[in-house]
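A.B. asks: Following this message is one structure expressed as structure tokens.
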Number of protein chains: 2
Amino acid sequence: MRVEIVAIGTELLLGQIADTNSQWLGEQLAAHGITSHFHQHVGDNHERIVATLRTALSRSDAVITCGGLGPTQDDITRAAIAEIMGVPLERDERIVDVIRTMFERRGRDMPENNLLQAEVPRGATPIDQVRGTAPGLICPVGDQVIYAVPGVPYEMSEMFERSIIPDVIARERAAGRQAVITSRVLRTWGASESGLAEALAERIKILEGSEELTLAFLASGIEGIKVRMTARGRDHAHALEILRHEEAHVRAAIESAYGDVIFGVDDETMEHSLAQELVARSLTLAVAESVTGGLVSSRLVNVPGASAWYRGALVSYASDVKFDLLRVTPGPVVSATAVQEMADGVRQLLGSDVGLAITGVAGPESQDGQAPGTVFVGISLRGVTHHSKFSLPGDRPRIRQYSSISALQALRQILRQGW
Amino acid sequence: MRVEIVAIGTELLLGQIADTNSQWLGEQLAAHGITSHFHQHVGDNHERIVATLRTALSRSDAVITCGGLGPTQDDITRAAIAEIMGVPLERDERIVDVIRTMFERRGRDMPENNLLQAEVPRGATPIDQVRGTAPGLICPVGDQVIYAVPGVPYEMSEMFERSIIPDVIARERAAGRQAVITSRVLRTWGASESGLAEALAERIKILEGSEELTLAFLASGIEGIKVRMTARGRDHAHALEILRHEEAHVRAAIESAYGDVIFGVDDETMEHSLAQELVARSLTLAVAESVTGGLVSSRLVNVPGASAWYRGALVSYASDVKFDLLRVTPGPVVSATAVQEMADGVRQLLGSDVGLAITGVAGPESQDGQAPGTVFVGISLRGVTHHSKFSLPGDRPRIRQYSSISALQALRQILRQGW
């Protein structure tokens, strides 16, 4: 069954609010194995709403509209749906009573315009409102259906879970269709999106046109490059089994091409993943930052319980701070020597087991003969030091963000190598 | 001119990422007086992308597509547009060279599938890529046009501002639609959105239904709460004159109600604004961070030329780091005394004129008898110390972000008070 989402409201077109409803609904539908091929946004205009609904019904089995069910003059979704159904709007006195009672409970009279919310297209079934004043609607259109819910996210989600998804699933069953879609994301850092695609070219070829499994790539900036596997199974267990099997293939292909670049699964961030490696080895960490200016540190404190292993950071932006506090040998500060001295220096200054240091050139100008994007990462573990050099793309903010995740990945990988 | 936005990517339909691009583009187009009646989301499927573009061209003058221009097998926007144009895709060797050079600069070989990104529909004009590897496209379709940009927001926005909006405006002029729309944003921190609306209630009432001028509010998290004035004039000079006149009213209303809360105009960030105050007084700055974990410092280094006035920061996450390095008196570390000692300590440790310190409780648990959201900001200027206390709303990340901008605003205001 194909369900199309139509978000209604001029404020969406003007970008005054974000359409979080379509995203949430798409995610919920997918989790139930329901396909959604299209989403649309349309403003508060009767002709355009009607036209948008006709387009949706021409290519999908069901439509969910969000918004335009309120009590004001620009809430015209009910009328548009009535026109599609070819029926009049009729006032539902039961709904009037419910709304009036709500106002009475708050010790207020019901403004007359709330009567608008009691208008129901003939033949439609209201979805009782439990969180707001606007009821939802289930509107049959031949053997198709339009579900109408308010645009307020927490009213919308409650009606979706209580009334819409059960109705959709019942229709799926009636049509003899049942499937569960589940997906898993592998987060990587250290290989380009095109590089990953090349490493997985064979899998992608095998899966071409597969109804059961799809692979997709998602570049997510400082969250890394994600590989998403989406499986469609008879039931949840079956879908998970498909994912488990595919994950083994994908990990093998990526790791044989690029090594230990997969740092997390689903919502696991790089800092969470690194924290686990530190905790497993009972190591404390201190950071010395130059080019990143505190970004690495600000990511580390996002990990719950960071105080157990995180000591703190010195942002040595001025060179003499590196020389005086980190005891870096005066000279070029964007170099392999300097970054290792920084790492060892901050380890001693803040009294940690591990010191992690980042120095580099954010640009636009070169520094110490190094081009913008050149970044050195230094690691000191109980006095033994190590360094890596990166050439990163982008403008100043990007170079800083990529430097941060690269530094965290470098430490994570070195710890896992048992160094 | 009606411009329709088509966001392409199955991950949008599955709700795996939010479509922030359509919102941003809708806002930008509106600010330029360009109408957008519809937005659509479609997955990575050739037939459906083509059908969606045909629908869009049937009701809009121009279409902006976001996404599907990457190097992987599921990036098929180029082919779909070529079909709409009825032309073949041709490889642009100049683009190949640009991409190959990008990889060489990073010391990597270019994976072959990047050649996909050099495919251009015959008759289309590439938009050079400056932030990523994928170029954009300007594709004439009769007297209509399809603009194609990557889905990565910071690549998309750069191409929109550099190439698309100028082309749209040129077409508006050619069509004799000359009204120029210009907007100006005042950035504030220290008053709530509803508080600002109340202070400006009279202006909003006066401007109700005005064709010439509109006021809007935009809560932008750590970028503060924005008041946007949008003016429609005969020409640029006229629009600017309307803005200049309105800005005086708005500033007067806000400042008489909340004082010096307007810190910037348009793209001017809090850190840029603070930097100007420091430079004007030839003062250098050092920061001590606890609850914010490096966020404040990472914002300061975004200011070009920060090295002229910024010394660096100590992130004293562990309490004993505060005691040992910042010479804070052992005891509660979330207190007015501690934050002032931190500010003076980091000023001396890093040898700056001004020390700025932040300590507080990000939650969920209380600390030192202080509730989550309690944040102390300390300032030390050549030994004279000052502190402010804030109670901030939100979860851990939000409390950290609000703490950062509040600390920067506190220092900015104190410097301007000639303290």
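Chain identifiers are assigned as A, B, and so on, following the order in which chains appear in the structure tokens; residues are numbered from 1 within each chain, and ligands are numbered from 1 in order of appearance.
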For a quick test of understanding: name the residues of chain B lying within 7 Å of chain A when counting only C-alpha atoms, and present them as a PDB file with N, CA, C and O atoms, in the first residue's frame.
C.D. replies:
ATOM      1  N   LEU B  12      14.639  10.823   2.638  1.00  0.00           N
ATOM      2  CA  LEU B  12      13.651  11.825   3.072  1.00  0.00           C
ATOM      3  C   LEU B  12      12.289  11.162   3.277  1.00  0.00           C
ATOM      4  O   LEU B  12      11.586  11.439   4.244  1.00  0.00           O
ATOM      5  N   LEU B  13      11.925  10.266   2.349  1.00  0.00           N
ATOM      6  CA  LEU B  13      10.623   9.593   2.442  1.00  0.00           C
ATOM      7  C   LEU B  13      10.590   8.657   3.638  1.00  0.00           C
ATOM      8  O   LEU B  13       9.563   8.500   4.285  1.00  0.00           O
ATOM      9  N   LEU B  14      11.749   8.047   3.939  1.00  0.00           N
ATOM     10  CA  LEU B  14      11.819   7.118   5.069  1.00  0.00           C
ATOM     11  C   LEU B  14      12.002   7.871   6.384  1.00  0.00           C
ATOM     12  O   LEU B  14      12.051   7.275   7.448  1.00  0.00           O
ATOM     13  N   GLY B  15      12.120   9.202   6.290  1.00  0.00           N
ATOM     14  CA  GLY B  15      12.247   9.997   7.508  1.00  0.00           C
ATOM     15  C   GLY B  15      13.591   9.848   8.187  1.00  0.00           C
ATOM     16  O   GLY B  15      13.733  10.153   9.363  1.00  0.00           O
ATOM     17  N   GLN B  16      14.591   9.358   7.447  1.00  0.00           N
ATOM     18  CA  GLN B  16      15.898   9.161   8.089  1.00  0.00           C
ATOM     19  C   GLN B  16      16.673  10.450   8.211  1.00  0.00           C
ATOM     20  O   GLN B  16      17.573  10.562   9.053  1.00  0.00           O
ATOM     21  N   ALA B  18      15.949  14.946   8.092  1.00  0.00           N
ATOM     22  CA  ALA B  18      14.970  16.019   7.983  1.00  0.00           C
ATOM     23  C   ALA B  18      15.271  16.811   6.713  1.00  0.00           C
ATOM     24  O   ALA B  18      16.435  16.984   6.352  1.00  0.00           O
ATOM     25  N   GLN B  23      12.864  24.060   3.625  1.00  0.00           N
ATOM     26  CA  GLN B  23      12.532  25.162   4.523  1.00  0.00           C
ATOM     27  C   GLN B  23      13.430  26.362   4.258  1.00  0.00           C
ATOM     28  O   GLN B  23      12.963  27.486   4.082  1.00  0.00           O
ATOM     29  N   TRP B  24      14.735  26.101   4.186  1.00  0.00           N
ATOM     30  CA  TRP B  24      15.695  27.192   3.973  1.00  0.00           C
ATOM     31  C   TRP B  24      15.444  27.891   2.632  1.00  0.00           C
ATOM     32  O   TRP B  24      15.366  29.114   2.558  1.00  0.00           O
ATOM     33  N   GLY B  26      12.650  27.910   0.858  1.00  0.00           N
ATOM     34  CA  GLY B  26      11.378  28.636   0.905  1.00  0.00           C
ATOM     35  C   GLY B  26      11.542  29.990   1.572  1.00  0.00           C
ATOM     36  O   GLY B  26      11.028  31.006   1.098  1.00  0.00           O
ATOM     37  N   GLU B  27      12.314  30.007   2.658  1.00  0.00           N
ATOM     38  CA  GLU B  27      12.544  31.247   3.402  1.00  0.00           C
ATOM     39  C   GLU B  27      13.328  32.245   2.546  1.00  0.00           C
ATOM     40  O   GLU B  27      12.980  33.424   2.463  1.00  0.00           O
ATOM     41  N   ALA B  30      11.161  33.599  -0.331  1.00  0.00           N
ATOM     42  CA  ALA B  30      10.189  34.567   0.195  1.00  0.00           C
ATOM     43  C   ALA B  30      10.866  35.904   0.478  1.00  0.00           C
ATOM     44  O   ALA B  30      10.330  36.963   0.167  1.00  0.00           O
ATOM     45  N   SER B  36       6.497  30.544  -3.780  1.00  0.00           N
ATOM     46  CA  SER B  36       6.648  29.099  -3.895  1.00  0.00           C
ATOM     47  C   SER B  36       5.331  28.477  -3.444  1.00  0.00           C
ATOM     48  O   SER B  36       4.942  28.609  -2.297  1.00  0.00           O
ATOM     49  N   HIS B  37       4.603  27.866  -4.391  1.00  0.00           N
ATOM     50  CA  HIS B  37       3.271  27.324  -4.079  1.00  0.00           C
ATOM     51  C   HIS B  37       3.310  25.863  -3.649  1.00  0.00           C
ATOM     52  O   HIS B  37       2.397  25.376  -2.994  1.00  0.00           O
ATOM     53  N   PHE B  38       4.366  25.151  -4.051  1.00  0.00           N
ATOM     54  CA  PHE B  38       4.433  23.719  -3.757  1.00  0.00           C
ATOM     55  C   PHE B  38       5.865  23.292  -3.448  1.00  0.00           C
ATOM     56  O   PHE B  38       6.813  23.850  -4.010  1.00  0.00           O
ATOM     57  N   HIS B  39       6.009  22.323  -2.541  1.00  0.00           N
ATOM     58  CA  HIS B  39       7.262  21.584  -2.343  1.00  0.00           C
ATOM     59  C   HIS B  39       6.923  20.111  -2.535  1.00  0.00           C
ATOM     60  O   HIS B  39       5.824  19.677  -2.182  1.00  0.00           O
ATOM     61  N   GLN B  40       7.877  19.342  -3.057  1.00  0.00           N
ATOM     62  CA  GLN B  40       7.674  17.894  -3.164  1.00  0.00           C
ATOM     63  C   GLN B  40       8.916  17.147  -2.681  1.00  0.00           C
ATOM     64  O   GLN B  40      10.023  17.661  -2.788  1.00  0.00           O
ATOM     65  N   HIS B  41       8.705  15.961  -2.133  1.00  0.00           N
ATOM     66  CA  HIS B  41       9.774  15.002  -1.835  1.00  0.00           C
ATOM     67  C   HIS B  41       9.543  13.790  -2.709  1.00  0.00           C
ATOM     68  O   HIS B  41       8.405  13.309  -2.785  1.00  0.00           O
ATOM     69  N   VAL B  42      10.606  13.292  -3.330  1.00  0.00           N
ATOM     70  CA  VAL B  42      10.486  12.073  -4.124  1.00  0.00           C
ATOM     71  C   VAL B  42      11.730  11.220  -3.893  1.00  0.00           C
ATOM     72  O   VAL B  42      12.797  11.749  -3.555  1.00  0.00           O
ATOM     73  N   GLY B  43      11.611   9.916  -4.023  1.00  0.00           N
ATOM     74  CA  GLY B  43      12.727   9.007  -3.768  1.00  0.00           C
ATOM     75  C   GLY B  43      13.672   8.886  -4.953  1.00  0.00           C
ATOM     76  O   GLY B  43      13.476   9.511  -5.996  1.00  0.00           O
ATOM     77  N   PRO B  71      28.091  10.908  -6.398  1.00  0.00           N
ATOM     78  CA  PRO B  71      28.834   9.989  -7.276  1.00  0.00           C
ATOM     79  C   PRO B  71      28.329   8.552  -7.215  1.00  0.00           C
ATOM     80  O   PRO B  71      28.926   7.679  -7.844  1.00  0.00           O
ATOM     81  N   THR B  72      27.266   8.273  -6.445  1.00  0.00           N
ATOM     82  CA  THR B  72      26.888   6.862  -6.288  1.00  0.00           C
ATOM     83  C   THR B  72      25.740   6.477  -7.216  1.00  0.00           C
ATOM     84  O   THR B  72      25.091   7.327  -7.817  1.00  0.00           O
ATOM     85  N   ARG B 106      44.050  16.033  -1.819  1.00  0.00           N
ATOM     86  CA  ARG B 106      43.923  15.272  -0.570  1.00  0.00           C
ATOM     87  C   ARG B 106      44.806  14.016  -0.609  1.00  0.00           C
ATOM     88  O   ARG B 106      44.693  13.141   0.244  1.00  0.00           O
ATOM     89  N   PRO B 111      38.127   7.868  -7.298  1.00  0.00           N
ATOM     90  CA  PRO B 111      37.386   6.664  -7.719  1.00  0.00           C
ATOM     91  C   PRO B 111      36.636   6.949  -9.019  1.00  0.00           C
ATOM     92  O   PRO B 111      36.097   8.039  -9.195  1.00  0.00           O
ATOM     93  N   ASN B 113      33.838   6.232 -10.230  1.00  0.00           N
ATOM     94  CA  ASN B 113      32.425   6.618 -10.291  1.00  0.00           C
ATOM     95  C   ASN B 113      32.213   8.110 -10.066  1.00  0.00           C
ATOM     96  O   ASN B 113      31.113   8.624 -10.249  1.00  0.00           O
ATOM     97  N   ASN B 114      33.285   8.848  -9.689  1.00  0.00           N
ATOM     98  CA  ASN B 114      33.144  10.298  -9.600  1.00  0.00           C
ATOM     99  C   ASN B 114      32.895  10.923 -10.966  1.00  0.00           C
ATOM    100  O   ASN B 114      32.430  12.059 -11.068  1.00  0.00           O
ATOM    101  N   ARG B 131      32.414  23.859  -2.634  1.00  0.00           N
ATOM    102  CA  ARG B 131      32.453  23.254  -1.292  1.00  0.00           C
ATOM    103  C   ARG B 131      32.433  21.736  -1.307  1.00  0.00           C
ATOM    104  O   ARG B 131      32.717  21.096  -0.315  1.00  0.00           O
ATOM    105  N   THR B 292      30.376  24.072  29.567  1.00  0.00           N
ATOM    106  CA  THR B 292      30.285  24.197  28.106  1.00  0.00           C
ATOM    107  C   THR B 292      31.359  23.375  27.385  1.00  0.00           C
ATOM    108  O   THR B 292      31.286  23.197  26.168  1.00  0.00           O
ATOM    109  N   GLY B 293      32.359  22.916  28.114  1.00  0.00           N
ATOM    110  CA  GLY B 293      33.299  21.936  27.589  1.00  0.00           C
ATOM    111  C   GLY B 293      34.097  22.341  26.358  1.00  0.00           C
ATOM    112  O   GLY B 293      34.633  21.474  25.665  1.00  0.00           O
ATOM    113  N   GLY B 294      34.165  23.641  26.018  1.00  0.00           N
ATOM    114  CA  GLY B 294      34.953  24.074  24.871  1.00  0.00           C
ATOM    115  C   GLY B 294      34.125  24.760  23.789  1.00  0.00           C
ATOM    116  O   GLY B 294      34.654  25.286  22.815  1.00  0.00           O
ATOM    117  N   LEU B 295      32.804  24.789  23.996  1.00  0.00           N
ATOM    118  CA  LEU B 295      31.900  25.393  22.997  1.00  0.00           C
ATOM    119  C   LEU B 295      32.190  26.870  22.795  1.00  0.00           C
ATOM    120  O   LEU B 295      32.221  27.358  21.667  1.00  0.00           O
ATOM    121  N   SER B 297      34.935  28.561  23.362  1.00  0.00           N
ATOM    122  CA  SER B 297      36.209  28.723  22.668  1.00  0.00           C
ATOM    123  C   SER B 297      36.071  28.397  21.185  1.00  0.00           C
ATOM    124  O   SER B 297      36.556  29.126  20.323  1.00  0.00           O
ATOM    125  N   SER B 298      35.345  27.317  20.876  1.00  0.00           N
ATOM    126  CA  SER B 298      35.237  26.915  19.464  1.00  0.00           C
ATOM    127  C   SER B 298      34.458  27.951  18.658  1.00  0.00           C
ATOM    128  O   SER B 298      34.636  28.053  17.446  1.00  0.00           O
ATOM    129  N   VAL B 301      37.039  31.098  17.867  1.00  0.00           N
ATOM    130  CA  VAL B 301      38.039  30.941  16.801  1.00  0.00           C
ATOM    131  C   VAL B 301      37.412  30.995  15.409  1.00  0.00           C
ATOM    132  O   VAL B 301      38.127  30.980  14.407  1.00  0.00           O
ATOM    133  N   SER B 307      43.387  35.302  16.218  1.00  0.00           N
ATOM    134  CA  SER B 307      44.687  35.160  16.881  1.00  0.00           C
ATOM    135  C   SER B 307      45.224  36.502  17.375  1.00  0.00           C
ATOM    136  O   SER B 307      46.081  36.542  18.237  1.00  0.00           O
ATOM    137  N   ARG B 311      43.751  34.324  23.189  1.00  0.00           N
ATOM    138  CA  ARG B 311      44.900  33.566  23.703  1.00  0.00           C
ATOM    139  C   ARG B 311      44.615  32.067  23.727  1.00  0.00           C
ATOM    140  O   ARG B 311      45.475  31.271  23.348  1.00  0.00           O
ATOM    141  N   GLY B 312      43.413  31.707  24.151  1.00  0.00           N
ATOM    142  CA  GLY B 312      43.083  30.293  24.256  1.00  0.00           C
ATOM    143  C   GLY B 312      42.176  30.026  25.435  1.00  0.00           C
ATOM    144  O   GLY B 312      41.622  30.965  26.022  1.00  0.00           O
ATOM    145  N   ALA B 313      42.001  28.745  25.756  1.00  0.00           N
ATOM    146  CA  ALA B 313      41.055  28.368  26.804  1.00  0.00           C
ATOM    147  C   ALA B 313      41.552  27.171  27.593  1.00  0.00           C
ATOM    148  O   ALA B 313      42.323  26.353  27.074  1.00  0.00           O
ATOM    149  N   LEU B 314      41.114  27.093  28.835  1.00  0.00           N
ATOM    150  CA  LEU B 314      41.307  25.885  29.608  1.00  0.00           C
ATOM    151  C   LEU B 314      39.934  25.290  29.886  1.00  0.00           C
ATOM    152  O   LEU B 314      39.070  25.963  30.457  1.00  0.00           O
ATOM    153  N   VAL B 315      39.711  24.054  29.382  1.00  0.00           N
ATOM    154  CA  VAL B 315      38.475  23.352  29.696  1.00  0.00           C
ATOM    155  C   VAL B 315      38.752  22.538  30.959  1.00  0.00           C
ATOM    156  O   VAL B 315      39.402  21.489  30.912  1.00  0.00           O
ATOM    157  N   SER B 316      38.315  23.062  32.094  1.00  0.00           N
ATOM    158  CA  SER B 316      38.616  22.404  33.376  1.00  0.00           C
ATOM    159  C   SER B 316      37.418  21.538  33.754  1.00  0.00           C
ATOM    160  O   SER B 316      36.590  21.926  34.575  1.00  0.00           O
ATOM    161  N   TYR B 317      37.326  20.375  33.098  1.00  0.00           N
ATOM    162  CA  TYR B 317      36.146  19.523  33.316  1.00  0.00           C
ATOM    163  C   TYR B 317      36.245  18.835  34.679  1.00  0.00           C
ATOM    164  O   TYR B 317      35.284  18.790  35.424  1.00  0.00           O
ATOM    165  N   ALA B 318      37.424  18.337  35.015  1.00  0.00           N
ATOM    166  CA  ALA B 318      37.618  17.730  36.327  1.00  0.00           C
ATOM    167  C   ALA B 318      37.835  18.834  37.360  1.00  0.00           C
ATOM    168  O   ALA B 318      38.565  19.794  37.107  1.00  0.00           O
ATOM    169  N   VAL B 321      41.303  20.030  38.297  1.00  0.00           N
ATOM    170  CA  VAL B 321      41.985  20.885  37.306  1.00  0.00           C
ATOM    171  C   VAL B 321      41.678  22.352  37.629  1.00  0.00           C
ATOM    172  O   VAL B 321      42.549  23.220  37.525  1.00  0.00           O
ATOM    173  N   LEU B 350      46.908  32.075  31.163  1.00  0.00           N
ATOM    174  CA  LEU B 350      47.146  32.252  29.717  1.00  0.00           C
ATOM    175  C   LEU B 350      47.624  33.662  29.382  1.00  0.00           C
ATOM    176  O   LEU B 350      47.810  34.008  28.219  1.00  0.00           O
TER     177      LEU B 350
END
A.B. asks: CA of Val152 in chain A to CA of Ile64 in chain A: how many Å, to one decimal?
C.D. replies: 14.0 Å
A.B. asks: Considering only C-alpha atoms, return as a ChimeraX atom specification whatever protein or nucleic-acid residues lie within 12 Å of Asp92 in chain B, sequence-local ones (same chain, fewer than 2 positions apart) excluded.
C.D. replies: /B:89-90,94-99,115-126,128,135
A.B. asks: Just write the chosen residues, N, CA, C and O atoms, as an mmCIF file, in the first residue's frame.
C.D. replies:
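What ended up in out.cif:
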data_model
loop_
_atom_site.group_PDB
_atom_site.id
_atom_site.type_symbol
_atom_site.label_atom_id
_atom_site.label_comp_id
_atom_site.auth_asym_id
_atom_site.auth_seq_id
_atom_site.Cartn_x
_atom_site.Cartn_y
_atom_site.Cartn_z
ATOM 1 N N LEU B 89 23.071 13.013 -21.848
ATOM 2 C CA LEU B 89 24.078 13.456 -20.876
ATOM 3 C C LEU B 89 25.441 13.416 -21.555
ATOM 4 O O LEU B 89 25.747 12.467 -22.272
ATOM 5 N N GLU B 90 26.228 14.455 -21.370
ATOM 6 C CA GLU B 90 27.565 14.473 -21.959
ATOM 7 C C GLU B 90 28.589 14.755 -20.863
ATOM 8 O O GLU B 90 28.327 15.548 -19.972
ATOM 9 N N ARG B 94 36.100 19.476 -18.201
ATOM 10 C CA ARG B 94 36.571 20.498 -17.258
ATOM 11 C C ARG B 94 36.190 20.093 -15.834
ATOM 12 O O ARG B 94 36.967 20.216 -14.890
ATOM 13 N N ILE B 95 34.970 19.558 -15.703
ATOM 14 C CA ILE B 95 34.517 19.133 -14.370
ATOM 15 C C ILE B 95 35.344 17.939 -13.897
ATOM 16 O O ILE B 95 35.762 17.874 -12.739
ATOM 17 N N VAL B 96 35.636 17.014 -14.830
ATOM 18 C CA VAL B 96 36.478 15.863 -14.465
ATOM 19 C C VAL B 96 37.791 16.359 -13.867
ATOM 20 O O VAL B 96 38.218 15.911 -12.807
ATOM 21 N N ASP B 97 38.411 17.347 -14.538
ATOM 22 C CA ASP B 97 39.695 17.865 -14.049
ATOM 23 C C ASP B 97 39.550 18.449 -12.649
ATOM 24 O O ASP B 97 40.355 18.192 -11.765
ATOM 25 N N VAL B 98 38.488 19.242 -12.445
ATOM 26 C CA VAL B 98 38.284 19.868 -11.129
ATOM 27 C C VAL B 98 38.193 18.793 -10.045
ATOM 28 O O VAL B 98 38.882 18.854 -9.023
ATOM 29 N N ILE B 99 37.386 17.750 -10.298
ATOM 30 C CA ILE B 99 37.202 16.705 -9.280
ATOM 31 C C ILE B 99 38.503 15.952 -9.067
ATOM 32 O O ILE B 99 38.931 15.729 -7.930
ATOM 33 N N LEU B 115 33.221 10.162 -12.034
ATOM 34 C CA LEU B 115 32.993 10.680 -13.391
ATOM 35 C C LEU B 115 31.504 10.947 -13.606
ATOM 36 O O LEU B 115 31.117 11.815 -14.383
ATOM 37 N N LEU B 116 30.666 10.204 -12.858
ATOM 38 C CA LEU B 116 29.212 10.431 -12.921
ATOM 39 C C LEU B 116 28.885 11.910 -12.700
ATOM 40 O O LEU B 116 27.986 12.465 -13.318
ATOM 41 N N GLN B 117 29.647 12.526 -11.791
ATOM 42 C CA GLN B 117 29.345 13.911 -11.419
ATOM 43 C C GLN B 117 29.726 14.900 -12.521
ATOM 44 O O GLN B 117 29.367 16.069 -12.450
ATOM 45 N N ALA B 118 30.454 14.413 -13.516
ATOM 46 C CA ALA B 118 30.860 15.284 -14.627
ATOM 47 C C ALA B 118 29.882 15.185 -15.795
ATOM 48 O O ALA B 118 30.069 15.808 -16.826
ATOM 49 N N GLU B 119 28.818 14.406 -15.630
ATOM 50 C CA GLU B 119 27.819 14.261 -16.692
ATOM 51 C C GLU B 119 26.866 15.455 -16.663
ATOM 52 O O GLU B 119 26.315 15.785 -15.615
ATOM 53 N N VAL B 120 26.713 16.109 -17.815
ATOM 54 C CA VAL B 120 25.866 17.303 -17.899
ATOM 55 C C VAL B 120 24.869 17.136 -19.043
ATOM 56 O O VAL B 120 25.256 16.735 -20.144
ATOM 57 N N PRO B 121 23.564 17.394 -18.789
ATOM 58 C CA PRO B 121 22.606 17.340 -19.895
ATOM 59 C C PRO B 121 23.005 18.370 -20.962
ATOM 60 O O PRO B 121 23.357 19.500 -20.604
ATOM 61 N N ARG B 122 22.979 17.965 -22.237
ATOM 62 C CA ARG B 122 23.365 18.899 -23.298
ATOM 63 C C ARG B 122 22.504 20.155 -23.200
ATOM 64 O O ARG B 122 21.278 20.056 -23.057
ATOM 65 N N GLY B 123 23.173 21.328 -23.217
ATOM 66 C CA GLY B 123 22.437 22.589 -23.157
ATOM 67 C C GLY B 123 22.326 23.145 -21.747
ATOM 68 O O GLY B 123 21.915 24.292 -21.552
ATOM 69 N N ALA B 124 22.699 22.345 -20.741
ATOM 70 C CA ALA B 124 22.654 22.830 -19.356
ATOM 71 C C ALA B 124 23.975 23.522 -19.009
ATOM 72 O O ALA B 124 25.002 23.247 -19.625
ATOM 73 N N THR B 125 23.920 24.450 -18.056
ATOM 74 C CA THR B 125 25.128 25.146 -17.602
ATOM 75 C C THR B 125 25.512 24.644 -16.217
ATOM 76 O O THR B 125 24.684 24.705 -15.296
ATOM 77 N N PRO B 126 26.737 24.129 -16.061
ATOM 78 C CA PRO B 126 27.148 23.671 -14.721
ATOM 79 C C PRO B 126 27.341 24.859 -13.764
ATOM 80 O O PRO B 126 27.708 25.944 -14.185
ATOM 81 N N ASP B 128 29.730 25.728 -10.840
ATOM 82 C CA ASP B 128 30.970 25.179 -10.288
ATOM 83 C C ASP B 128 30.823 24.828 -8.820
ATOM 84 O O ASP B 128 30.189 25.556 -8.060
ATOM 85 N N PRO B 135 29.017 19.336 -8.970
ATOM 86 C CA PRO B 135 28.589 20.632 -9.491
ATOM 87 C C PRO B 135 27.069 20.718 -9.524
ATOM 88 O O PRO B 135 26.392 19.697 -9.502
#
A.B. asks: Per DSSP on the backbone, filter range 140-387 of chain B down to the residues in helix (DSSP H, G or I) and report them as a ChimeraX atom specification.
C.D. replies: /B:153-174,193-199,201-207,221-223,236-258,270-280,295-300,306-308,319-325,336-350
A.B. asks: Write out as a list of chain:residue names the residues lying within 10 Å of Glu155 in chain B, counting only C-alpha atoms and excluding same-chain residues fewer than 6 positions away.
C.D. replies: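 Counting only C-alpha atoms, the residues come to B:Gln129, B:Val130, B:Arg131, B:Gly132, B:Thr133, B:Ala134, B:Pro135, B:Gly136, B:Val149.
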A.B. asks: Could you pull out the residues in range 120-208 of chain B that DSSP calls strand (DSSP E or B) from the backbone, as a PyMOL selection string?
C.D. replies: chain B and resi 120-121+125-127+136-141+144-149+180-188
A.B. asks: For Ala357 in chain B, which residue out of B:Glu83, B:Ser404, B:Pro372, B:Ser282 is the nearest one, using only C-alpha atoms?
C.D. replies: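 Using only C-alpha atoms, Ala357 in chain B sits closest to B:Ser404.
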A.B. asks: Compile the contact shell of Leu207 in chain B as a compact mmCIF listing (two decimals) with N, CA and C atoms, in the first residue's frame: residues with an atom at most 12 Å away, counting only C-alpha atoms, same-chain residues fewer than 4 positions apart removed.
C.D. replies:
# COMPACT_ATOMS: atom_id res chain seq x y z
N LEU B 200 7.14 44.83 20.45
CA LEU B 200 6.92 45.33 19.09
C LEU B 200 5.45 45.29 18.69
N ALA B 201 4.56 44.98 19.65
CA ALA B 201 3.13 44.81 19.35
C ALA B 201 2.59 46.02 18.57
N GLU B 202 3.00 47.21 18.98
CA GLU B 202 2.46 48.42 18.34
C GLU B 202 2.90 48.49 16.87
N ARG B 203 4.22 48.23 16.63
CA ARG B 203 4.72 48.24 15.25
C ARG B 203 3.96 47.22 14.40
N GLU B 211 1.78 46.21 2.37
CA GLU B 211 2.40 45.62 1.19
C GLU B 211 3.89 45.93 1.19
N GLU B 212 4.24 46.99 1.94
CA GLU B 212 5.58 47.55 1.82
C GLU B 212 6.55 46.93 2.82
N LEU B 213 6.03 46.48 3.97
CA LEU B 213 6.93 46.10 5.05
C LEU B 213 6.31 45.00 5.91
N THR B 214 7.11 43.98 6.27
CA THR B 214 6.62 42.96 7.21
C THR B 214 7.68 42.72 8.28
N LEU B 215 7.20 42.35 9.45
CA LEU B 215 8.06 41.99 10.59
C LEU B 215 7.85 40.52 10.89
N ALA B 216 8.94 39.79 11.16
CA ALA B 216 8.78 38.38 11.54
C ALA B 216 9.82 38.03 12.59
N MET B 229 13.01 42.19 9.25
CA MET B 229 12.20 43.21 8.59
C MET B 229 12.35 42.99 7.09
N THR B 230 11.25 42.84 6.38
CA THR B 230 11.30 42.64 4.93
C THR B 230 10.56 43.78 4.24
N ALA B 231 11.29 44.50 3.37
CA ALA B 231 10.71 45.67 2.69
C ALA B 231 10.61 45.42 1.20
N GLU B 246 12.43 51.71 9.46
CA GLU B 246 11.80 50.75 10.37
C GLU B 246 12.77 50.28 11.45
N HIS B 249 12.70 52.36 14.53
CA HIS B 249 11.54 52.08 15.38
C HIS B 249 11.76 50.80 16.20
